[in-house]
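Source file: my_file22.cif; contents: mmCIF, C-alpha atoms.
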```cif
data_my_file
#
loop_
_atom_site.label_atom_id
_atom_site.label_comp_id
_atom_site.auth_asym_id
_atom_site.auth_seq_id
_atom_site.Cartn_x
_atom_site.Cartn_y
_atom_site.Cartn_z
CA MET A 1 97.30 111.78 82.30
CA THR A 2 94.08 112.54 84.16
CA THR A 3 94.33 111.55 87.82
CA PRO A 4 91.25 109.56 88.95
CA ILE A 5 89.46 111.21 91.86
CA PRO A 6 89.45 108.86 94.87
CA THR A 7 86.20 108.18 96.68
CA VAL A 8 85.20 107.18 100.19
CA ASN A 9 84.73 103.65 98.87
CA ALA A 10 88.31 103.58 97.51
CA LEU A 11 89.62 104.79 100.88
CA VAL A 12 87.73 102.09 102.78
CA GLN A 13 88.81 99.36 100.36
CA SER A 14 92.51 100.25 100.31
CA ARG A 15 93.11 101.70 103.80
CA GLY A 16 90.09 100.68 105.87
CA GLN A 17 91.86 97.92 107.78
CA HIS A 18 95.05 99.92 108.29
CA LEU A 19 93.09 102.93 109.59
CA GLN A 20 90.76 100.69 111.62
CA LEU A 21 87.68 102.26 110.04
CA GLN A 22 84.21 101.14 111.10
CA TRP A 23 80.96 102.25 109.47
CA LEU A 24 78.50 104.04 111.74
CA ALA A 25 76.01 105.69 109.35
CA GLY A 26 75.53 107.16 105.86
CA ARG A 27 76.67 104.18 103.78
CA ASP A 28 74.63 105.50 100.85
CA GLY A 29 77.21 108.27 100.43
CA ILE A 30 80.03 105.81 99.84
CA ASP A 31 80.81 107.22 96.38
CA ARG A 32 81.45 110.79 97.56
CA ALA A 33 84.71 112.20 96.17
CA LEU A 34 87.56 112.86 98.58
CA GLY A 35 88.93 115.77 96.56
CA SER A 36 90.64 116.60 93.29
CA SER A 37 94.21 117.16 92.14
CA ALA A 38 93.36 120.87 91.73
CA GLN A 39 93.23 121.16 95.53
CA THR A 40 96.34 121.19 97.69
CA PRO A 41 96.87 117.45 98.27
CA GLY A 42 96.43 116.37 101.87
CA ARG A 43 95.94 119.87 103.32
CA ALA A 44 92.47 121.37 102.73
CA LEU A 45 91.25 117.83 102.32
CA VAL A 46 91.55 116.48 105.85
CA GLY A 47 91.67 117.99 109.34
CA PHE A 48 89.87 118.65 112.58
CA LEU A 49 86.31 119.97 112.52
CA ASN A 50 86.29 123.21 110.51
CA LEU A 51 83.09 125.00 109.55
CA ILE A 52 84.72 128.12 108.04
CA HIS A 53 86.92 126.20 105.59
CA PRO A 54 85.31 122.74 105.57
CA ASN A 55 87.61 119.78 104.98
CA ARG A 56 86.59 116.95 102.70
CA LEU A 57 87.36 114.58 105.60
CA GLN A 58 86.24 116.06 108.91
CA ILE A 59 87.97 114.47 111.89
CA ILE A 60 86.28 114.61 115.30
CA SER A 61 88.24 114.02 118.50
CA GLN A 62 87.35 114.29 122.18
CA TYR A 63 87.88 118.06 121.99
CA GLU A 64 85.18 118.49 119.33
CA LEU A 65 82.76 116.22 121.19
CA ASP A 66 83.28 118.21 124.39
CA TYR A 67 82.62 121.40 122.44
CA LEU A 68 79.37 119.96 121.08
CA ASP A 69 78.27 118.88 124.54
CA GLY A 70 78.84 122.40 125.83
CA LEU A 71 76.45 124.00 123.32
CA ALA A 72 72.82 124.82 123.90
CA ALA A 73 70.35 122.58 122.05
CA GLN A 74 69.63 125.04 119.23
CA ALA A 75 73.30 125.97 118.73
CA ARG A 76 74.24 122.30 118.65
CA GLN A 77 71.57 121.59 116.04
CA ASP A 78 72.74 124.54 113.92
CA LEU A 79 76.37 123.40 114.06
CA ILE A 80 75.52 119.87 112.88
CA ARG A 81 73.34 121.33 110.12
CA HIS A 82 76.14 123.63 108.90
CA LEU A 83 78.57 120.72 109.03
CA LEU A 84 76.39 118.53 106.79
CA GLU A 85 75.39 121.35 104.42
CA ALA A 86 79.09 121.74 103.54
CA LEU A 87 78.84 118.22 102.00
CA PRO A 88 81.99 116.69 103.49
CA ALA A 89 83.12 113.46 101.85
CA ALA A 90 83.03 111.78 105.26
CA ILE A 91 83.15 112.40 108.99
CA ILE A 92 85.47 110.21 111.05
CA ILE A 93 85.30 110.03 114.84
CA ALA A 94 88.79 109.23 116.13
CA GLU A 95 90.08 107.43 119.22
CA GLY A 96 87.19 104.93 119.24
CA LEU A 97 84.85 107.49 120.80
CA ALA A 98 81.10 106.89 120.89
CA PRO A 99 79.18 108.90 118.28
CA PRO A 100 76.49 111.34 119.46
CA ALA A 101 72.98 110.08 118.71
CA ASP A 102 71.94 113.28 116.89
CA LEU A 103 75.02 113.12 114.63
CA LEU A 104 74.25 109.48 113.84
CA ARG A 105 70.69 110.37 112.93
CA GLU A 106 71.50 113.41 110.78
CA THR A 107 74.33 111.75 108.84
CA GLU A 108 72.06 108.83 108.01
CA ILE A 109 69.33 111.20 106.79
CA SER A 110 71.78 113.27 104.68
CA GLN A 111 73.64 110.16 103.43
CA THR A 112 76.90 111.56 104.75
CA PRO A 113 79.42 108.76 105.51
CA LEU A 114 80.12 108.59 109.24
CA MET A 115 82.86 106.27 110.45
CA SER A 116 84.93 105.68 113.53
CA SER A 117 88.59 104.82 114.00
CA SER A 118 90.40 103.66 117.11
CA LEU A 119 93.53 105.55 116.00
CA ASP A 120 94.68 108.71 117.75
CA SER A 121 93.34 111.75 115.89
CA ILE A 122 96.81 113.15 115.04
CA LYS A 123 98.00 109.82 113.68
CA LEU A 124 94.74 109.39 111.73
CA ILE A 125 95.10 112.81 110.07
CA GLY A 126 98.75 112.09 109.21
CA CYS A 127 97.87 108.78 107.56
CA LEU A 128 95.00 110.31 105.60
CA ARG A 129 97.13 113.21 104.36
CA HIS A 130 99.75 110.75 103.14
CA TYR A 131 97.09 108.68 101.38
CA LEU A 132 95.45 111.68 99.71
CA GLY A 133 98.77 113.21 98.72
CA ASP A 134 99.69 109.99 96.92
CA GLU A 135 96.27 109.41 95.34
CA LEU A 136 95.86 112.98 94.08
CA ALA A 137 99.40 113.44 92.81
CA GLU A 138 99.81 114.00 89.06
CA LYS A 139 100.46 110.67 87.36
CA THR A 140 101.81 109.31 84.11
CA VAL A 141 102.46 105.86 82.64
CA LEU A 142 105.75 105.16 80.85
CA HIS A 143 106.73 102.20 78.69
CA GLY A 144 109.58 100.21 80.17
CA VAL A 145 110.60 98.00 83.06
CA PHE A 146 111.02 99.61 86.48
CA MET A 147 113.54 97.93 88.78
CA GLU A 148 115.31 98.51 92.07
CA VAL A 149 119.02 98.05 91.29
CA ASN A 150 121.52 98.43 94.12
CA GLY A 151 118.84 100.31 96.07
CA LEU A 152 118.26 102.77 93.20
CA GLY A 153 115.02 103.08 91.24
CA VAL A 154 115.99 102.39 87.60
CA LEU A 155 113.60 102.63 84.64
CA ILE A 156 114.83 100.55 81.68
CA THR A 157 113.53 101.91 78.37
CA GLY A 158 114.09 101.15 74.70
CA GLU A 159 112.28 100.14 71.56
CA SER A 160 110.05 97.08 71.54
CA SER A 161 111.88 93.70 71.43
CA ILE A 162 115.25 95.22 72.33
CA GLY A 163 115.49 92.94 75.37
CA LYS A 164 114.19 94.96 78.34
CA SER A 165 112.31 92.08 79.96
CA GLU A 166 115.15 89.62 79.44
CA LEU A 167 117.49 92.14 81.04
CA ALA A 168 115.07 92.56 83.95
CA LEU A 169 114.94 88.79 84.42
CA GLU A 170 118.73 88.58 84.60
CA LEU A 171 118.82 91.43 87.10
CA ILE A 172 116.27 89.58 89.26
CA THR A 173 118.59 86.54 89.29
CA HIS A 174 121.31 88.94 90.53
CA ASN A 175 119.09 89.71 93.57
CA HIS A 176 117.72 93.01 92.30
CA ARG A 177 113.97 93.64 92.52
CA LEU A 178 111.11 94.14 90.08
CA VAL A 179 108.68 97.01 90.60
CA ALA A 180 106.72 96.94 87.33
CA ASP A 181 106.96 95.53 83.84
CA ASP A 182 105.70 97.17 80.62
CA ALA A 183 103.59 100.04 82.04
CA PRO A 184 104.88 101.38 85.39
CA GLU A 185 102.83 104.23 86.82
CA PHE A 186 104.69 107.29 88.11
CA SER A 187 103.44 110.08 90.33
CA ARG A 188 105.08 113.25 91.56
CA VAL A 189 105.02 113.05 95.35
CA GLY A 190 107.41 115.92 96.11
CA PRO A 191 109.03 118.94 94.44
CA GLU A 192 111.81 116.77 92.99
CA VAL A 193 110.51 113.26 93.71
CA VAL A 194 108.85 110.96 91.18
CA ARG A 195 107.66 107.64 92.59
CA GLY A 196 106.88 104.55 90.54
CA ARG A 197 104.63 101.61 91.22
CA CYS A 198 102.95 98.78 89.35
CA PRO A 199 99.29 98.91 88.30
CA GLN A 200 97.33 96.35 90.29
CA ALA A 201 96.50 94.26 87.21
CA LEU A 202 100.20 93.73 86.38
CA GLN A 203 101.67 93.22 89.86
CA ASP A 204 104.28 90.46 90.19
CA PHE A 205 104.24 89.54 86.47
CA LEU A 206 107.00 89.83 83.86
CA GLU A 207 106.42 89.06 80.17
CA VAL A 208 109.40 87.48 78.41
CA ARG A 209 109.20 86.58 74.73
CA GLY A 210 109.27 82.81 74.27
CA LEU A 211 108.46 82.14 77.93
CA GLY A 212 105.27 84.17 78.17
CA LEU A 213 104.10 85.59 81.50
CA LEU A 214 106.24 84.76 84.53
CA ASP A 215 105.08 85.17 88.13
CA VAL A 216 108.23 86.64 89.64
CA ARG A 217 106.98 86.45 93.22
CA ALA A 218 106.05 82.76 92.89
CA MET A 219 109.37 81.91 91.19
CA TYR A 220 111.82 83.98 93.22
CA GLY A 221 109.97 84.87 96.41
CA ASP A 222 108.68 88.06 98.02
CA SER A 223 112.18 89.54 98.15
CA ALA A 224 112.20 89.79 94.33
CA ILE A 225 109.35 92.30 94.34
CA LYS A 226 109.37 95.95 95.40
CA GLN A 227 105.99 97.66 95.76
CA THR A 228 107.08 101.27 95.12
CA LYS A 229 110.36 103.06 94.47
CA ASP A 230 111.48 106.62 93.80
CA LEU A 231 112.81 107.04 90.27
CA GLY A 232 116.52 107.84 90.32
CA LEU A 233 117.84 106.90 86.89
CA ILE A 234 116.65 106.03 83.39
CA VAL A 235 118.71 103.50 81.43
CA HIS A 236 117.86 103.71 77.75
CA LEU A 237 118.84 100.75 75.57
CA GLN A 238 119.62 101.70 71.98
CA ARG A 239 120.86 99.85 68.93
CA MET A 240 123.66 101.81 67.26
CA ALA A 241 125.47 101.61 63.97
CA ALA A 242 129.25 101.12 64.05
CA GLU A 243 129.83 104.77 63.17
CA ASP A 244 127.60 105.98 66.04
CA LEU A 245 129.41 103.69 68.47
CA TYR A 246 132.75 105.07 67.31
CA ASN A 247 131.59 108.65 67.87
CA LEU A 248 130.45 108.09 71.48
CA ASP A 249 132.27 110.10 74.15
CA ARG A 250 134.49 107.43 75.72
CA VAL A 251 135.32 109.52 78.78
CA HIS A 252 131.99 110.99 79.81
CA GLY A 253 129.66 108.43 78.26
CA SER A 254 126.16 109.27 77.05
CA HIS A 255 124.34 111.17 79.80
CA GLN A 256 121.24 113.31 79.38
CA GLU A 257 118.14 114.22 81.35
CA GLN A 258 114.52 113.37 80.67
CA ARG A 259 111.74 115.54 82.06
CA ILE A 260 109.00 113.52 83.77
CA LEU A 261 106.14 115.29 85.53
CA ASP A 262 108.24 118.50 85.51
CA VAL A 263 111.15 116.76 87.23
CA ASP A 264 114.48 116.32 85.43
CA VAL A 265 115.54 112.67 85.74
CA PRO A 266 119.11 111.62 84.79
CA GLN A 267 119.33 109.26 81.82
CA VAL A 268 122.21 107.18 80.51
CA THR A 269 122.12 105.54 77.07
CA ILE A 270 123.66 102.08 76.76
CA PRO A 271 124.39 100.76 73.26
CA VAL A 272 123.04 97.29 72.57
CA ALA A 273 125.38 95.03 70.64
CA PRO A 274 126.21 91.29 70.51
CA GLY A 275 128.43 90.17 73.36
CA ARG A 276 127.65 93.07 75.71
CA ASN A 277 126.56 92.03 79.21
CA LEU A 278 123.69 94.44 79.73
CA ALA A 279 122.94 93.34 83.29
CA VAL A 280 126.49 94.14 84.39
CA LEU A 281 126.33 97.46 82.55
CA VAL A 282 123.06 98.44 84.26
CA GLU A 283 124.49 97.51 87.66
CA ALA A 284 127.55 99.62 86.90
CA ALA A 285 125.36 102.52 85.72
CA ALA A 286 123.40 102.40 88.98
CA ARG A 287 126.54 102.29 91.14
CA ASN A 288 128.12 105.12 89.14
CA HIS A 289 125.01 107.26 89.51
CA ILE A 290 124.99 106.69 93.28
CA LEU A 291 128.61 107.90 93.37
CA ARG A 292 127.65 110.97 91.32
CA ARG A 293 124.89 111.81 93.79
CA LYS A 294 127.49 111.65 96.57
CA GLY A 295 129.64 114.14 94.69
CA TYR A 296 132.18 111.85 93.02
CA ASN A 297 132.59 112.24 89.26
CA ALA A 298 134.86 109.57 87.71
CA PRO A 299 135.60 111.42 84.41
CA GLN A 300 136.48 114.60 86.31
CA ALA A 301 138.73 112.63 88.68
CA PHE A 302 140.43 110.99 85.68
CA ILE A 303 141.02 114.36 83.94
CA GLU A 304 142.43 115.93 87.11
CA ARG A 305 144.82 112.97 87.53
CA GLN A 306 146.10 113.38 83.95
CA HIS A 307 146.68 117.10 84.52
CA LYS A 308 148.68 116.38 87.66
CA LEU A 309 150.80 113.77 85.85
CA LEU A 310 151.48 116.21 83.01
CA GLU A 311 152.48 118.93 85.46
CA GLN A 312 154.89 116.52 87.20
CA LYS A 313 156.53 115.61 83.89
CA SER A 314 156.74 119.19 82.64
CA PRO A 315 160.26 120.71 82.80
CA VAL A 316 160.71 123.33 85.50
#
```

Can you dump the structure from the file as structure tokens?
Amino acid sequence: MTTPIPTVNALVQSRGQHLQLQWLAGRDGIDRALGSSAQTPGRALVGFLNLIHPNRLQIISQYELDYLDGLAAQARQDLIRHLLEALPAAIIIAEGLAPPADLLRETEISQTPLMSSSLDSIKLIGCLRHYLGDELAEKTVLHGVFMEVNGLGVLITGESSIGKSELALELITHNHRLVADDAPEFSRVGPEVVRGRCPQALQDFLEVRGLGLLDVRAMYGDSAIKQTKDLGLIVHLQRMAAEDLYNLDRVHGSHQEQRILDVDVPQVTIPVAPGRNLAVLVEAAARNHILRRKGYNAPQAFIERQHKLLEQKSPV
């Protein structure tokens, strides 16, 4: 999936209030790109004033302003010119400092976005790196319902009409939380971390056949919704013939791995059949997976117990 390139406008719309951004000049450059996924997310994209390796977001603190004030007039003019010729996406003056008049004038002429923030420069850079790392991460959309079950991010998959949404609704009534229905979006935010969230257009809604669209937040409250969650387990619902059910491994179950964004994600397959309580099974699958991550393996513990019992009963 092609990752959309975020712009200055997207940054202001989604993080402007949180970052306390105020426009100073260069509004005509609002559509400048902040970077691309081909660059190292959050690293070469934002930092303190750098003319040798220009950042897409150039942050100016008191130190940089003092440096400017210490330059001769021609050197100061040359530095500002070099800064703007590098075509930064935006320049942000941190700590609520007053912008120099010549920088205001030149950014307006070159249509380079110039903003201020009252945040400390270090905190501002940290927040921007986090934002860019998330926005520029490789993304994919998967079909299924993404839930938080017992604190674990669980993606419920299966063929259409198998009952994923109905299962999600029952889990919500058990005090688990909905992240996204139908088309959750996943991004790789770390070497082994895939994070899921709901596209803005689908947030809070769950489609259940016969009932139509349900507003989960309105029906069950804010606590029924989770904005983002790291993917920990895939639960795949599958209809099986009697022969396939008979051949399932009754000790180890049906465990595999699915590769998503180059990360191997554990998957358990749960057979769908009349009379099976799928909500209870998903809860059990989540709890069992949490135990596995802590190092406890129930089938292995069972096998070791049987060996010990056999050894005790064996004649000396």

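Note that CA of Gln17 in chain A and CA of Pro113 in chain A are 16.7 Å apart.
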
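Comparing the minimum interatomic distances between Asn288 in chain A and each of A:Leu119, A:Ala218, A:Leu309, A:Val149, counting all atoms listed in the file, we find that A:Val149 sits nearest.
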
(message) One decimal, in Å: what's the spacing between CA of Tyr131 in chain A and CA of Ala180 in chain A?
(response)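 Spanning CA of Tyr131 in chain A to CA of Ala180 in chain A is a straight-line distance of 20.7 Å.
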
(request) Considering only C-alpha atoms, state which residue in the set A:Asn150, A:His18, A:Asn297, A:Glu135 is at the smallest distance from His174 in chain A. (result)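 Closest residue, counting only C-alpha atoms: A:Asn150.
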
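When all atoms listed in the file are used to compute distances to Glu95 in chain A, the closest of the residues A:Glu108, A:Asp120, A:Glu257, A:Asp249 turns out to be A:Asp120.
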
Resolved residues for the PyMOL selection byres ((chain A and resi 110) around 9) as a compact mmCIF listing (two decimals) with C-alpha atoms, keeping the file's coordinate frame:
```
# COMPACT_ATOMS: atom_id res chain seq x y z
CA GLY A 26 75.53 107.16 105.86
CA GLY A 29 77.21 108.27 100.43
CA LEU A 84 76.39 118.53 106.79
CA GLU A 85 75.39 121.35 104.42
CA ARG A 105 70.69 110.37 112.93
CA GLU A 106 71.50 113.41 110.78
CA THR A 107 74.33 111.75 108.84
CA GLU A 108 72.06 108.83 108.01
CA ILE A 109 69.33 111.20 106.79
CA GLN A 111 73.64 110.16 103.43
CA THR A 112 76.90 111.56 104.75
CA PRO A 113 79.42 108.76 105.51
```

(request) Please identify all polymer residues within 12 Å of range 126-130 of chain A, counting only C-alpha atoms, omitting same-chain residues fewer than 5 positions from it, and present them as an MDAnalysis selection string. (result) chainID A and resid 8 11:12 14:16 18:21 34:35 40:48 55:59 92 117 119:121 135:137 189:190

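The nearest approach to Asp102 in chain A among the residues A:Ser223, A:Gln13, A:Gln306, A:Gln77, with all atoms listed in the file taken into account, belongs to A:Gln77.
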
(message) Using only C-alpha atoms for the distances, tell me which of A:Ile290, A:Leu104, A:Ala72, A:Leu79 is nearest to Leu24 in chain A.
(response)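 Residue with the minimum atom-to-atom distance to Leu24 in chain A: A:Leu104.
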
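Between Leu206 in chain A and the candidates A:Ile60, A:Ala241, A:Val154, A:Met147, the tightest atom-to-atom separation, counting only C-alpha atoms, involves A:Met147.
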
(request) Measure the distance from CA of Val193 in chain A to CA of Lys229 in chain A in Å and round it to one decimal. (result)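 For CA of Val193 in chain A relative to CA of Lys229 in chain A, the distance reads 10.2 Å.
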
(request) Step by step, work through what the PyMOL selection byres ((chain A and resi 215) around 9) selects in the shown file, and finish by giving those residues as a list in words. (result)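 Listing what the PyMOL selection byres ((chain A and resi 215) around 9) selects in the shown file: Gln203, Asp204, Phe205, Leu206, Glu207, Leu213, Leu214, Val216, Arg217, Ala218, Met219 and Tyr220 of chain A.
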
(request) For range 259-271 of chain A, please output as a list in words all residues within 8 Å (counting only C-alpha atoms; exclusion window: fewer than 2 positions along the same chain). (result) Glu138, Lys139, Thr140, Ser187, Arg188, Pro191, Glu192, Val193, Val194, Leu231, Gly232, Leu233, Ile234, Val235, His236, Leu237, Gln238, Arg239, Met240, Leu245, Gly253, Ser254, His255, Gln256, Glu257, Ala273, Leu281 and Ala285 of chain A

(request) Compute the distance from (98.3, 100.1, 94.2) to each atom, counting all atoms listed in the file, keep the residues with any atom at most 9 Å away, and return them as a PyMOL selection string; use the coordinates of the file. (result) chain A and resi 14+197-200+203+227-228

(message) Show me the residues close to (102.6, 99.2, 80.2) - anything with an atom within 7 Å, counting only C-alpha atoms - and format the list as a list in words.
(response) Leu142, His143, Asp181, Asp182, Ala183 and Pro184 of chain A

Those residues you just picked out, can you put them in a file as a compact mmCIF listing (two decimals), in the coordinates of the input with C-alpha atoms?
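The result, stored in result37.txt:
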```txt
# COMPACT_ATOMS: atom_id res chain seq x y z
CA LEU A 142 105.75 105.16 80.85
CA HIS A 143 106.73 102.20 78.69
CA ASP A 181 106.96 95.53 83.84
CA ASP A 182 105.70 97.17 80.62
CA ALA A 183 103.59 100.04 82.04
CA PRO A 184 104.88 101.38 85.39
```

(message) Evaluated on this file, the PyMOL selection byres ((chain A and resi 62) around 9) picks out some residues - which ones are they, written as a PyMOL selection string?
(response) chain A and resi 60-61+63-67+93-95+97

N, CA and C atoms restored at range 222-252 of chain A, emitted as an mmCIF file, in the frame of the given file:
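In the end it all went to out16.cif:
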```cif
data_model
loop_
_atom_site.group_PDB
_atom_site.id
_atom_site.type_symbol
_atom_site.label_atom_id
_atom_site.label_comp_id
_atom_site.auth_asym_id
_atom_site.auth_seq_id
_atom_site.Cartn_x
_atom_site.Cartn_y
_atom_site.Cartn_z
ATOM 1 N N ASP A 222 109.113 86.680 97.747
ATOM 2 C CA ASP A 222 108.680 88.060 98.020
ATOM 3 C C ASP A 222 109.819 89.062 97.890
ATOM 4 N N SER A 223 111.036 88.622 98.178
ATOM 5 C CA SER A 223 112.180 89.540 98.150
ATOM 6 C C SER A 223 112.513 90.015 96.737
ATOM 7 N N ALA A 224 111.934 89.386 95.715
ATOM 8 C CA ALA A 224 112.200 89.790 94.330
ATOM 9 C C ALA A 224 111.279 90.896 93.856
ATOM 10 N N ILE A 225 110.337 91.292 94.718
ATOM 11 C CA ILE A 225 109.350 92.300 94.340
ATOM 12 C C ILE A 225 109.481 93.514 95.250
ATOM 13 N N LYS A 226 109.406 94.692 94.660
ATOM 14 C CA LYS A 226 109.370 95.950 95.400
ATOM 15 C C LYS A 226 108.088 96.674 95.033
ATOM 16 N N GLN A 227 107.301 97.082 96.029
ATOM 17 C CA GLN A 227 105.990 97.660 95.760
ATOM 18 C C GLN A 227 106.089 99.040 95.105
ATOM 19 N N THR A 228 106.895 99.923 95.657
ATOM 20 C CA THR A 228 107.080 101.270 95.120
ATOM 21 C C THR A 228 108.546 101.658 95.245
ATOM 22 N N LYS A 229 108.967 102.591 94.404
ATOM 23 C CA LYS A 229 110.360 103.060 94.470
ATOM 24 C C LYS A 229 110.447 104.430 93.820
ATOM 25 N N ASP A 230 111.246 105.309 94.413
ATOM 26 C CA ASP A 230 111.480 106.620 93.800
ATOM 27 C C ASP A 230 112.388 106.450 92.587
ATOM 28 N N LEU A 231 112.039 107.132 91.515
ATOM 29 C CA LEU A 231 112.810 107.040 90.270
ATOM 30 C C LEU A 231 114.092 107.844 90.395
ATOM 31 N N GLY A 232 115.233 107.166 90.212
ATOM 32 C CA GLY A 232 116.520 107.840 90.320
ATOM 33 C C GLY A 232 117.273 107.937 89.021
ATOM 34 N N LEU A 233 117.044 106.959 88.111
ATOM 35 C CA LEU A 233 117.840 106.900 86.890
ATOM 36 C C LEU A 233 117.051 106.205 85.787
ATOM 37 N N ILE A 234 117.193 106.700 84.568
ATOM 38 C CA ILE A 234 116.650 106.030 83.390
ATOM 39 C C ILE A 234 117.807 105.449 82.598
ATOM 40 N N VAL A 235 117.714 104.156 82.294
ATOM 41 C CA VAL A 235 118.710 103.500 81.430
ATOM 42 C C VAL A 235 118.021 103.198 80.106
ATOM 43 N N HIS A 236 118.476 103.876 79.069
ATOM 44 C CA HIS A 236 117.860 103.710 77.750
ATOM 45 C C HIS A 236 118.727 102.798 76.891
ATOM 46 N N LEU A 237 118.142 101.694 76.437
ATOM 47 C CA LEU A 237 118.840 100.750 75.570
ATOM 48 C C LEU A 237 118.641 101.170 74.119
ATOM 49 N N GLN A 238 119.726 101.225 73.358
ATOM 50 C CA GLN A 238 119.620 101.700 71.980
ATOM 51 C C GLN A 238 120.572 100.939 71.066
ATOM 52 N N ARG A 239 120.015 100.462 69.958
ATOM 53 C CA ARG A 239 120.860 99.850 68.930
ATOM 54 C C ARG A 239 121.575 100.952 68.170
ATOM 55 N N MET A 240 122.874 100.771 67.926
ATOM 56 C CA MET A 240 123.660 101.810 67.260
ATOM 57 C C MET A 240 124.477 101.219 66.137
ATOM 58 N N ALA A 241 124.600 101.999 65.080
ATOM 59 C CA ALA A 241 125.470 101.610 63.970
ATOM 60 C C ALA A 241 126.925 101.758 64.422
ATOM 61 N N ALA A 242 127.826 101.097 63.691
ATOM 62 C CA ALA A 242 129.250 101.120 64.050
ATOM 63 C C ALA A 242 129.788 102.540 64.117
ATOM 64 N N GLU A 243 129.346 103.393 63.198
ATOM 65 C CA GLU A 243 129.830 104.770 63.170
ATOM 66 C C GLU A 243 129.376 105.532 64.416
ATOM 67 N N ASP A 244 128.111 105.306 64.845
ATOM 68 C CA ASP A 244 127.600 105.980 66.040
ATOM 69 C C ASP A 244 128.346 105.513 67.294
ATOM 70 N N LEU A 245 128.652 104.213 67.334
ATOM 71 C CA LEU A 245 129.410 103.690 68.470
ATOM 72 C C LEU A 245 130.801 104.325 68.534
ATOM 73 N N TYR A 246 131.408 104.500 67.388
ATOM 74 C CA TYR A 246 132.750 105.070 67.310
ATOM 75 C C TYR A 246 132.764 106.521 67.790
ATOM 76 N N ASN A 247 131.657 107.228 67.539
ATOM 77 C CA ASN A 247 131.590 108.650 67.870
ATOM 78 C C ASN A 247 131.161 108.923 69.316
ATOM 79 N N LEU A 248 130.855 107.879 70.084
ATOM 80 C CA LEU A 248 130.450 108.090 71.480
ATOM 81 C C LEU A 248 131.605 108.673 72.284
ATOM 82 N N ASP A 249 131.276 109.541 73.246
ATOM 83 C CA ASP A 249 132.270 110.100 74.150
ATOM 84 C C ASP A 249 132.741 108.998 75.094
ATOM 85 N N ARG A 250 133.997 108.577 74.958
ATOM 86 C CA ARG A 250 134.490 107.430 75.720
ATOM 87 C C ARG A 250 134.909 107.806 77.133
ATOM 88 N N VAL A 251 134.966 109.087 77.425
ATOM 89 C CA VAL A 251 135.320 109.520 78.780
ATOM 90 C C VAL A 251 134.067 109.777 79.613
ATOM 91 N N HIS A 252 133.175 110.582 79.057
ATOM 92 C CA HIS A 252 131.990 110.990 79.810
ATOM 93 C C HIS A 252 130.784 110.077 79.595
#
```
